[in-house]
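Here is the file target_33.cif (mmCIF, C-alpha atoms and all ligand atoms).
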```
data_my_file
loop_
_atom_site.group_PDB
_atom_site.id
_atom_site.type_symbol
_atom_site.label_atom_id
_atom_site.label_comp_id
_atom_site.auth_asym_id
_atom_site.auth_seq_id
_atom_site.Cartn_x
_atom_site.Cartn_y
_atom_site.Cartn_z
ATOM 1 C CA MET A 29 17.984 6.227 6.891
ATOM 2 C CA LEU A 30 14.503 7.578 7.497
ATOM 3 C CA ASN A 31 14.686 11.007 9.003
ATOM 4 C CA LYS A 32 11.072 11.249 10.062
ATOM 5 C CA LYS A 33 9.049 10.749 13.219
ATOM 6 C CA ASP A 34 6.232 9.068 11.258
ATOM 7 C CA LEU A 35 5.510 7.341 7.972
ATOM 8 C CA LEU A 36 2.325 9.051 6.814
ATOM 9 C CA SER A 37 2.657 9.161 3.038
ATOM 10 C CA ILE A 38 4.901 8.464 0.088
ATOM 11 C CA GLU A 39 4.409 12.075 -0.965
ATOM 12 C CA ASP A 40 6.446 13.101 2.124
ATOM 13 C CA LEU A 41 9.390 10.807 1.307
ATOM 14 C CA SER A 42 12.439 11.598 -0.790
ATOM 15 C CA LYS A 43 13.683 9.193 -3.451
ATOM 16 C CA LYS A 44 16.639 8.461 -1.169
ATOM 17 C CA GLU A 45 14.365 7.526 1.734
ATOM 18 C CA ILE A 46 12.262 5.265 -0.500
ATOM 19 C CA ILE A 47 15.376 3.454 -1.715
ATOM 20 C CA SER A 48 16.770 3.041 1.791
ATOM 21 C CA ILE A 49 13.494 1.543 3.120
ATOM 22 C CA ILE A 50 13.539 -0.931 0.211
ATOM 23 C CA LYS A 51 17.198 -1.801 0.744
ATOM 24 C CA ASN A 52 16.603 -2.489 4.426
ATOM 25 C CA ALA A 53 13.456 -4.475 3.548
ATOM 26 C CA ASP A 54 15.416 -6.602 1.097
ATOM 27 C CA ASN A 55 17.653 -7.763 3.972
ATOM 28 C CA PHE A 56 14.584 -8.908 5.885
ATOM 29 C CA TYR A 57 13.209 -10.531 2.724
ATOM 30 C CA LYS A 58 16.360 -12.579 2.271
ATOM 31 C CA ASN A 59 16.915 -13.315 5.915
ATOM 32 C CA LYS A 60 13.691 -13.629 7.859
ATOM 33 C CA LYS A 61 15.205 -14.884 11.073
ATOM 34 C CA ILE A 62 16.900 -12.195 13.081
ATOM 35 C CA SER A 63 18.812 -12.815 16.256
ATOM 36 C CA ILE A 64 17.112 -11.835 19.479
ATOM 37 C CA LYS A 65 19.903 -9.333 20.193
ATOM 38 C CA GLU A 66 19.250 -7.490 16.960
ATOM 39 C CA ARG A 67 15.509 -7.111 17.472
ATOM 40 C CA VAL A 68 14.973 -3.401 17.689
ATOM 41 C CA LEU A 69 11.489 -3.723 19.206
ATOM 42 C CA ASN A 70 12.545 -5.917 22.155
ATOM 43 C CA ASN A 71 10.624 -4.760 25.255
ATOM 44 C CA ARG A 72 8.650 -2.299 23.128
ATOM 45 C CA THR A 73 4.906 -1.953 22.699
ATOM 46 C CA GLN A 74 3.296 -1.654 19.290
ATOM 47 C CA ILE A 75 -0.397 -0.758 19.168
ATOM 48 C CA ASN A 76 -2.382 -1.520 16.013
ATOM 49 C CA LEU A 77 -5.505 0.610 15.627
ATOM 50 C CA PHE A 78 -7.606 -0.440 12.668
ATOM 51 C CA PHE A 79 -10.771 1.626 12.338
ATOM 52 C CA GLU A 80 -11.467 -0.142 9.037
ATOM 53 C CA ASN A 81 -11.603 -3.868 8.352
ATOM 54 C CA SER A 82 -8.310 -5.355 7.317
ATOM 55 C CA THR A 83 -6.984 -8.854 7.083
ATOM 56 C CA ARG A 84 -3.625 -8.933 5.339
ATOM 57 C CA THR A 85 -2.355 -5.503 6.393
ATOM 58 C CA GLN A 86 -3.186 -5.871 10.071
ATOM 59 C CA VAL A 87 -1.792 -9.398 10.313
ATOM 60 C CA SER A 88 1.298 -8.364 8.361
ATOM 61 C CA PHE A 89 2.029 -5.504 10.791
ATOM 62 C CA GLU A 90 1.341 -7.816 13.709
ATOM 63 C CA ILE A 91 3.817 -10.434 12.489
ATOM 64 C CA ALA A 92 6.378 -7.774 11.532
ATOM 65 C CA GLY A 93 6.271 -6.245 15.027
ATOM 66 C CA THR A 94 6.398 -9.655 16.710
ATOM 67 C CA LEU A 95 9.431 -10.779 14.658
ATOM 68 C CA LEU A 96 11.187 -7.584 15.736
ATOM 69 C CA GLY A 97 10.517 -8.423 19.380
ATOM 70 C CA ALA A 98 7.564 -6.134 20.186
ATOM 71 C CA SER A 99 4.551 -6.862 22.332
ATOM 72 C CA VAL A 100 1.790 -6.154 19.832
ATOM 73 C CA VAL A 101 -1.591 -5.002 21.053
ATOM 74 C CA ASN A 102 -4.544 -4.909 18.667
ATOM 75 C CA PHE A 103 -6.702 -2.093 20.031
ATOM 76 C CA PRO A 104 -10.303 -3.318 20.026
ATOM 77 C CA LEU A 105 -12.380 -0.734 18.199
ATOM 78 C CA SER A 106 -15.734 -2.388 17.564
ATOM 79 C CA ASN A 107 -16.825 -1.910 21.141
ATOM 80 C CA SER A 108 -14.629 1.029 21.994
ATOM 81 C CA SER A 109 -14.939 4.556 23.250
ATOM 82 C CA GLN A 110 -15.088 5.667 19.583
ATOM 83 C CA SER A 111 -18.478 4.031 19.226
ATOM 84 C CA LYS A 112 -19.453 5.932 22.387
ATOM 85 C CA GLY A 113 -18.684 9.260 20.723
ATOM 86 C CA GLU A 114 -15.119 10.000 21.846
ATOM 87 C CA THR A 115 -13.265 12.320 19.468
ATOM 88 C CA LEU A 116 -10.119 11.198 17.688
ATOM 89 C CA ILE A 117 -8.105 13.808 19.569
ATOM 90 C CA ASP A 118 -9.282 12.502 22.956
ATOM 91 C CA LEU A 119 -8.487 8.959 21.839
ATOM 92 C CA ALA A 120 -5.006 10.102 20.787
ATOM 93 C CA ALA A 121 -4.441 11.661 24.224
ATOM 94 C CA THR A 122 -5.581 8.429 25.904
ATOM 95 C CA LEU A 123 -3.234 6.349 23.776
ATOM 96 C CA ASN A 124 -0.353 8.708 24.374
ATOM 97 C CA SER A 125 -0.750 8.287 28.127
ATOM 98 C CA MET A 126 -0.274 4.545 27.678
ATOM 99 C CA ASN A 127 3.222 5.240 26.359
ATOM 100 C CA PRO A 128 3.290 3.020 23.273
ATOM 101 C CA ASP A 129 6.561 2.885 21.317
ATOM 102 C CA ILE A 130 4.877 2.796 17.928
ATOM 103 C CA LEU A 131 1.332 3.105 16.579
ATOM 104 C CA VAL A 132 0.037 1.568 13.346
ATOM 105 C CA ILE A 133 -3.245 3.154 12.253
ATOM 106 C CA ARG A 134 -5.818 2.596 9.515
ATOM 107 C CA HIS A 135 -8.776 4.975 9.274
ATOM 108 C CA PRO A 136 -11.571 5.441 6.718
ATOM 109 C CA ASN A 137 -11.066 9.225 6.599
ATOM 110 C CA SER A 138 -8.182 10.847 4.719
ATOM 111 C CA GLY A 139 -5.975 12.883 7.050
ATOM 112 C CA SER A 140 -7.101 11.183 10.288
ATOM 113 C CA VAL A 141 -3.849 9.296 10.767
ATOM 114 C CA GLN A 142 -1.890 12.520 10.466
ATOM 115 C CA LEU A 143 -4.207 14.192 13.000
ATOM 116 C CA ILE A 144 -3.489 11.459 15.564
ATOM 117 C CA SER A 145 0.240 11.565 14.781
ATOM 118 C CA GLU A 146 0.350 15.242 15.717
ATOM 119 C CA LYS A 147 -1.070 14.459 19.163
ATOM 120 C CA VAL A 148 1.181 11.564 20.176
ATOM 121 C CA THR A 149 4.880 11.460 20.924
ATOM 122 C CA CYS A 150 5.685 8.039 19.433
ATOM 123 C CA PRO A 151 6.144 7.230 15.718
ATOM 124 C CA VAL A 152 2.980 6.545 13.736
ATOM 125 C CA VAL A 153 2.658 4.417 10.597
ATOM 126 C CA ASN A 154 -0.228 5.071 8.230
ATOM 127 C CA ALA A 155 -1.738 1.697 7.285
ATOM 128 C CA GLY A 156 -4.203 3.387 4.918
ATOM 129 C CA ASP A 157 -6.309 6.544 5.373
ATOM 130 C CA GLY A 158 -9.462 6.881 3.256
ATOM 131 C CA ASN A 159 -8.606 7.308 -0.399
ATOM 132 C CA HIS A 160 -5.509 9.342 0.476
ATOM 133 C CA GLU A 161 -2.460 7.048 0.909
ATOM 134 C CA HIS A 162 -1.323 3.542 1.810
ATOM 135 C CA PRO A 163 2.455 4.030 1.900
ATOM 136 C CA THR A 164 3.559 0.526 2.905
ATOM 137 C CA GLN A 165 1.545 -0.927 0.004
ATOM 138 C CA ALA A 166 3.473 1.169 -2.556
ATOM 139 C CA LEU A 167 6.754 0.226 -0.862
ATOM 140 C CA LEU A 168 5.984 -3.492 -0.899
ATOM 141 C CA ASP A 169 4.924 -3.172 -4.528
ATOM 142 C CA LEU A 170 8.278 -1.571 -5.237
ATOM 143 C CA LEU A 171 10.242 -4.324 -3.487
ATOM 144 C CA THR A 172 8.276 -6.906 -5.493
ATOM 145 C CA ILE A 173 9.032 -5.073 -8.754
ATOM 146 C CA GLN A 174 12.715 -4.883 -7.889
ATOM 147 C CA LYS A 175 12.836 -8.600 -7.207
ATOM 148 C CA ARG A 176 10.838 -9.711 -10.251
ATOM 149 C CA VAL A 177 11.710 -7.136 -12.916
ATOM 150 C CA GLY A 178 15.231 -6.536 -11.615
ATOM 151 C CA ARG A 179 15.119 -2.733 -11.460
ATOM 152 C CA THR A 180 13.118 0.148 -9.973
ATOM 153 C CA ASP A 181 13.752 2.739 -12.684
ATOM 154 C CA ASN A 182 13.150 3.037 -16.416
ATOM 155 C CA LEU A 183 9.788 1.300 -16.052
ATOM 156 C CA LYS A 184 6.443 1.674 -17.765
ATOM 157 C CA ILE A 185 3.630 0.991 -15.321
ATOM 158 C CA ALA A 186 -0.140 0.762 -15.885
ATOM 159 C CA ILE A 187 -2.538 1.177 -12.962
ATOM 160 C CA CYS A 188 -5.970 -0.157 -13.945
ATOM 161 C CA GLY A 189 -9.472 0.207 -12.590
ATOM 162 C CA ASP A 190 -10.989 2.174 -9.742
ATOM 163 C CA ILE A 191 -8.430 4.954 -9.439
ATOM 164 C CA SER A 192 -10.853 7.409 -7.799
ATOM 165 C CA HIS A 193 -11.305 5.435 -4.590
ATOM 166 C CA SER A 194 -7.806 4.000 -4.376
ATOM 167 C CA ARG A 195 -5.174 5.070 -1.853
ATOM 168 C CA VAL A 196 -2.979 2.346 -3.367
ATOM 169 C CA ALA A 197 -3.035 4.146 -6.725
ATOM 170 C CA ARG A 198 -2.134 7.499 -5.149
ATOM 171 C CA SER A 199 0.797 6.098 -3.144
ATOM 172 C CA ASN A 200 2.093 4.268 -6.213
ATOM 173 C CA ILE A 201 1.792 7.385 -8.371
ATOM 174 C CA PHE A 202 3.857 9.431 -5.885
ATOM 175 C CA CYS A 203 6.381 6.623 -5.548
ATOM 176 C CA HIS A 204 6.964 6.070 -9.264
ATOM 177 C CA LYS A 205 6.991 9.759 -10.146
ATOM 178 C CA LYS A 206 9.824 10.180 -7.636
ATOM 179 C CA LEU A 207 11.683 7.288 -9.261
ATOM 180 C CA GLY A 208 11.195 8.765 -12.742
ATOM 181 C CA ASN A 209 8.970 5.963 -14.065
ATOM 182 C CA LYS A 210 6.203 6.400 -16.630
ATOM 183 C CA ILE A 211 2.678 5.791 -15.358
ATOM 184 C CA THR A 212 -0.547 5.306 -17.287
ATOM 185 C CA LEU A 213 -3.878 5.193 -15.470
ATOM 186 C CA ILE A 214 -6.517 3.096 -17.211
ATOM 187 C CA GLY A 215 -10.211 2.902 -16.348
ATOM 188 C CA PRO A 216 -13.654 4.228 -17.144
ATOM 189 C CA LYS A 217 -14.006 8.048 -17.067
ATOM 190 C CA THR A 218 -16.252 7.720 -14.012
ATOM 191 C CA LEU A 219 -13.457 6.107 -11.976
ATOM 192 C CA ILE A 220 -10.561 8.395 -12.904
ATOM 193 C CA PRO A 221 -10.493 11.680 -10.967
ATOM 194 C CA ARG A 222 -10.538 14.874 -12.978
ATOM 195 C CA ASN A 223 -7.216 16.752 -12.885
ATOM 196 C CA ILE A 224 -5.209 13.703 -11.811
ATOM 197 C CA ASP A 225 -3.059 14.260 -14.914
ATOM 198 C CA LYS A 226 -1.565 17.180 -12.927
ATOM 199 C CA LEU A 227 0.410 14.523 -11.029
ATOM 200 C CA GLY A 228 2.292 13.833 -14.253
ATOM 201 C CA VAL A 229 0.547 10.633 -15.339
ATOM 202 C CA ASP A 230 -0.964 9.619 -18.683
ATOM 203 C CA ILE A 231 -4.605 8.621 -18.854
ATOM 204 C CA SER A 232 -6.267 6.036 -21.048
ATOM 205 C CA TYR A 233 -9.893 4.907 -21.134
ATOM 206 C CA ASN A 234 -9.003 1.831 -23.096
ATOM 207 C CA MET A 235 -6.969 -1.208 -21.977
ATOM 208 C CA ALA A 236 -5.539 -1.915 -25.449
ATOM 209 C CA ASP A 237 -3.962 1.557 -25.653
ATOM 210 C CA GLY A 238 -2.962 1.909 -22.005
ATOM 211 C CA LEU A 239 -1.300 -1.491 -21.637
ATOM 212 C CA ARG A 240 0.878 -1.155 -24.717
ATOM 213 C CA ASP A 241 4.482 -2.152 -23.881
ATOM 214 C CA VAL A 242 4.184 -1.796 -20.116
ATOM 215 C CA ASP A 243 6.506 -3.710 -17.744
ATOM 216 C CA VAL A 244 4.084 -3.771 -14.815
ATOM 217 C CA VAL A 245 0.289 -4.026 -14.685
ATOM 218 C CA MET A 246 -1.279 -3.060 -11.352
ATOM 219 C CA VAL A 247 -4.918 -4.084 -11.071
ATOM 220 C CA LEU A 248 -7.181 -2.424 -8.489
ATOM 221 C CA ARG A 249 -10.298 -3.675 -6.770
ATOM 222 C CA LEU A 250 -13.614 -1.946 -7.429
ATOM 223 C CA GLN A 251 -13.997 -0.319 -3.996
ATOM 224 C CA LYS A 252 -17.766 -0.497 -3.754
ATOM 225 C CA GLU A 253 -17.716 0.359 -0.060
ATOM 226 C CA ARG A 254 -16.511 3.842 -1.025
ATOM 227 C CA MET A 255 -18.950 4.348 -3.921
ATOM 228 C CA ASP A 256 -22.065 6.398 -3.332
ATOM 229 C CA GLY A 257 -23.793 5.674 -6.632
ATOM 230 C CA GLY A 258 -23.499 3.894 -9.960
ATOM 231 C CA TYR A 259 -20.024 4.266 -11.505
ATOM 232 C CA PHE A 260 -20.346 1.480 -14.101
ATOM 233 C CA SER A 261 -23.267 -0.294 -15.715
ATOM 234 C CA SER A 262 -22.650 -3.884 -14.597
ATOM 235 C CA GLU A 263 -19.817 -6.060 -13.301
ATOM 236 C CA ARG A 264 -20.104 -8.157 -16.452
ATOM 237 C CA GLU A 265 -19.560 -5.192 -18.705
ATOM 238 C CA TYR A 266 -16.794 -3.880 -16.448
ATOM 239 C CA PHE A 267 -14.949 -7.192 -16.737
ATOM 240 C CA HIS A 268 -15.395 -7.182 -20.510
ATOM 241 C CA LEU A 269 -13.912 -3.684 -20.865
ATOM 242 C CA TYR A 270 -11.434 -3.405 -17.982
ATOM 243 C CA GLY A 271 -11.027 -6.837 -16.376
ATOM 244 C CA LEU A 272 -7.486 -8.115 -16.958
ATOM 245 C CA ASP A 273 -7.436 -11.338 -18.979
ATOM 246 C CA ASP A 274 -5.046 -13.123 -21.362
ATOM 247 C CA ARG A 275 -6.391 -11.225 -24.372
ATOM 248 C CA LYS A 276 -5.686 -7.792 -22.851
ATOM 249 C CA MET A 277 -2.347 -8.909 -21.339
ATOM 250 C CA LYS A 278 -1.023 -9.449 -24.885
ATOM 251 C CA TYR A 279 -0.674 -5.678 -25.269
ATOM 252 C CA ALA A 280 1.859 -5.518 -22.408
ATOM 253 C CA LYS A 281 5.521 -6.574 -22.791
ATOM 254 C CA PRO A 282 5.877 -10.374 -22.974
ATOM 255 C CA LYS A 283 7.623 -10.462 -19.575
ATOM 256 C CA ALA A 284 5.247 -7.991 -17.890
ATOM 257 C CA ILE A 285 4.186 -8.800 -14.330
ATOM 258 C CA ILE A 286 0.684 -8.554 -12.828
ATOM 259 C CA MET A 287 0.102 -7.072 -9.381
ATOM 260 C CA HIS A 288 -2.972 -6.689 -7.172
ATOM 261 C CA PRO A 289 -3.016 -5.242 -3.631
ATOM 262 C CA GLY A 290 -5.806 -7.600 -2.547
ATOM 263 C CA PRO A 291 -8.410 -8.496 -1.689
ATOM 264 C CA MET A 292 -9.154 -9.373 -5.312
ATOM 265 C CA ASN A 293 -12.470 -9.999 -6.993
ATOM 266 C CA ARG A 294 -11.947 -12.794 -9.505
ATOM 267 C CA GLY A 295 -14.005 -12.367 -12.645
ATOM 268 C CA ILE A 296 -14.539 -8.646 -12.000
ATOM 269 C CA GLU A 297 -11.179 -6.841 -12.204
ATOM 270 C CA ILE A 298 -9.059 -9.891 -13.039
ATOM 271 C CA ASP A 299 -9.548 -13.303 -14.586
ATOM 272 C CA GLY A 300 -9.058 -15.990 -11.922
ATOM 273 C CA ASN A 301 -6.773 -18.217 -14.007
ATOM 274 C CA LEU A 302 -4.551 -15.288 -14.906
ATOM 275 C CA ALA A 303 -4.284 -14.303 -11.219
ATOM 276 C CA ASP A 304 -3.057 -17.842 -10.499
ATOM 277 C CA ASN A 305 -0.533 -17.908 -13.349
ATOM 278 C CA LEU A 306 2.744 -17.596 -11.456
ATOM 279 C CA ASP A 307 4.726 -16.857 -14.646
ATOM 280 C CA LYS A 308 3.031 -13.478 -14.682
ATOM 281 C CA SER A 309 1.194 -12.931 -11.413
ATOM 282 C CA VAL A 310 3.249 -11.793 -8.403
ATOM 283 C CA ILE A 311 0.296 -11.355 -6.055
ATOM 284 C CA THR A 312 1.491 -13.822 -3.402
ATOM 285 C CA MET A 313 5.000 -12.389 -3.605
ATOM 286 C CA GLN A 314 3.522 -8.971 -2.775
ATOM 287 C CA VAL A 315 2.207 -10.386 0.500
ATOM 288 C CA GLU A 316 5.651 -11.780 1.324
ATOM 289 C CA ALA A 317 7.326 -8.481 0.438
ATOM 290 C CA GLY A 318 4.763 -6.734 2.666
ATOM 291 C CA LEU A 319 6.122 -8.408 5.767
ATOM 292 C CA ALA A 320 9.709 -7.408 4.924
ATOM 293 C CA VAL A 321 8.734 -3.800 4.138
ATOM 294 C CA ARG A 322 6.765 -3.443 7.367
ATOM 295 C CA MET A 323 9.682 -4.816 9.392
ATOM 296 C CA SER A 324 11.912 -2.311 7.629
ATOM 297 C CA VAL A 325 9.631 0.652 8.336
ATOM 298 C CA LEU A 326 9.112 -0.279 12.005
ATOM 299 C CA GLU A 327 12.856 -0.728 12.478
ATOM 300 C CA LEU A 328 13.868 2.519 10.781
ATOM 301 C CA LEU A 329 11.298 4.612 12.661
ATOM 302 C CA LEU A 330 12.282 3.064 15.988
ATOM 303 C CA LYS A 331 16.020 3.568 15.351
ATOM 304 C CA ASN A 332 15.335 7.162 14.458
ATOM 305 C CA LYS A 333 13.310 7.618 17.640
ATOM 306 C CA ASN A 334 16.055 6.077 19.785
ATOM 307 C CA GLU A 335 18.668 8.383 18.231
ATOM 308 C CA ASN A 336 16.567 11.447 18.963
ATOM 309 C CA VAL A 337 15.887 10.635 22.627
HETATM 310 N N1 LIG A 401 -5.994 -3.470 0.579
HETATM 311 C C1 LIG A 401 -5.934 -2.235 -0.160
HETATM 312 C C2 LIG A 401 -6.356 -1.067 0.700
HETATM 313 O O1 LIG A 401 -6.503 -1.216 1.882
HETATM 314 C C3 LIG A 401 -6.688 -2.285 -1.444
HETATM 315 C C4 LIG A 401 -8.136 -2.646 -1.367
HETATM 316 O O2 LIG A 401 -8.713 -2.706 -0.279
HETATM 317 O O3 LIG A 401 -8.701 -2.849 -2.440
HETATM 318 O O4 LIG A 401 -6.501 0.034 0.187
#
```
For this file, produce the structure as structure tokens.
Amino acid sequence: MLNKKDLLSIEDLSKKEIISIIKNADNFYKNKKISIKERVLNNRTQINLFFENSTRTQVSFEIAGTLLGASVVNFPLSNSSQSKGETLIDLAATLNSMNPDILVIRHPNSGSVQLISEKVTCPVVNAGDGNHEHPTQALLDLLTIQKRVGRTDNLKIAICGDISHSRVARSNIFCHKKLGNKITLIGPKTLIPRNIDKLGVDISYNMADGLRDVDVVMVLRLQKERMDGGYFSSEREYFHLYGLDDRKMKYAKPKAIIMHPGPMNRGIEIDGNLADNLDKSVITMQVEAGLAVRMSVLELLLKNKNENV
């Protein structure tokens, strides 16, 4: 059950809604082939609007929609009316007149996806807005945790690196606070926002302290495209202090898992060999879980829409 027109943020969801999206996603994870009759997006149009570059997320939504039976249209933005100065609100009105059944939107500015959602009648999925939220990433991370750790509660989670520019960190914080898990943010002072402790997380500027006894280590990319100055002295020093490697992993629980939302920078935020160590790293599983979670979200929003017509 997802009693919402749109999926804009994890902050908006209840614990019950989070669990039901994951439960539905787990069915898709186990059983990827669905019969044509059951495809809830048969004869439906899904438009993907990615104002920011994306590889895995856009393709994942495209495959998810296609497997559910939709005709998926990737709205071409590089040469679009946006580059000719059209406002977002005018674009939303244009899209609405095309009668899509669902819109999937990524935008570099926080709040833009919500703005469009208020102007269109169909459900909207936020595929990442600025450094605000990336709800399907936190949900796919949760499905991966459930499958690899075996539970979604009573967990100690470390989120490491560039917290300031990360919508992935924010969505995961909201998600795990709702589930009652303990979160520690680790990174240099320059990359951890002031006052973020108000969200109920612990903060550590040191990997040895922050990683102690955690079940899950989430590593974030240094999001240089969002940085407007120098936040760290050099990539070499950053890797030495905050890059995840075997030495630092020893502080976590022996069975702790390593996650990364991708794209990852080997040798900067994570050691390449460690990223490839499938005893610990679940990075490829996250991509697989992403497809199942996106199918789940598209299906639940569409069912909800059909019920309310
Ligand atoms: N793919 C994630 C995002 O879109 C993380 C990243 O880009 O580093 O936010």
- Item | Explicit residue set for the PyMOL selection byres (((chain A and resi 143) around 12) and not hetatm), as a PyMOL selection string | chain A and resi 34+36+115-121+133+135+137-142+144-148+152+154+157
- Query: Which residues come within 9 Å of Leu326 of chain A, counting all atoms listed in the file, excluding same-chain residues fewer than 5 positions away, as a ChimeraX atom specification?
  - Reply: /A:68-69,89,92-93,96,130,151,153,321,331
- Message: For a quick check of understanding, using all atoms listed in the file, which of A:Val196, A:Val101, A:Val229, A:Leu30 has the smallest distance to ligand LIG 401 (chain A)?
- Response: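 Under the stated criterion, the closest residue is A:Val196.
A distance search around ligand LIG 401 (chain A) (6 Å at most, only C-alpha atoms and all ligand atoms) returns the following protein and nucleic acid residues: Gly156, Arg195, Val196, Arg249, Pro289, Gly290 and Pro291 of chain A.
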- Task: Can you give me, as a count of residues only, the residues this file yields under the PyMOL selection byres (((chain A and resi 251) around 8) and not hetatm)?
- Result: 9
- Selected by the PyMOL selection byres (((chain A and resi 58) around 12) and not hetatm) in the shown coordinates: which residues, as a PyMOL selection string? chain A and resi 51-57+59-62+171+175+316-317+319-321
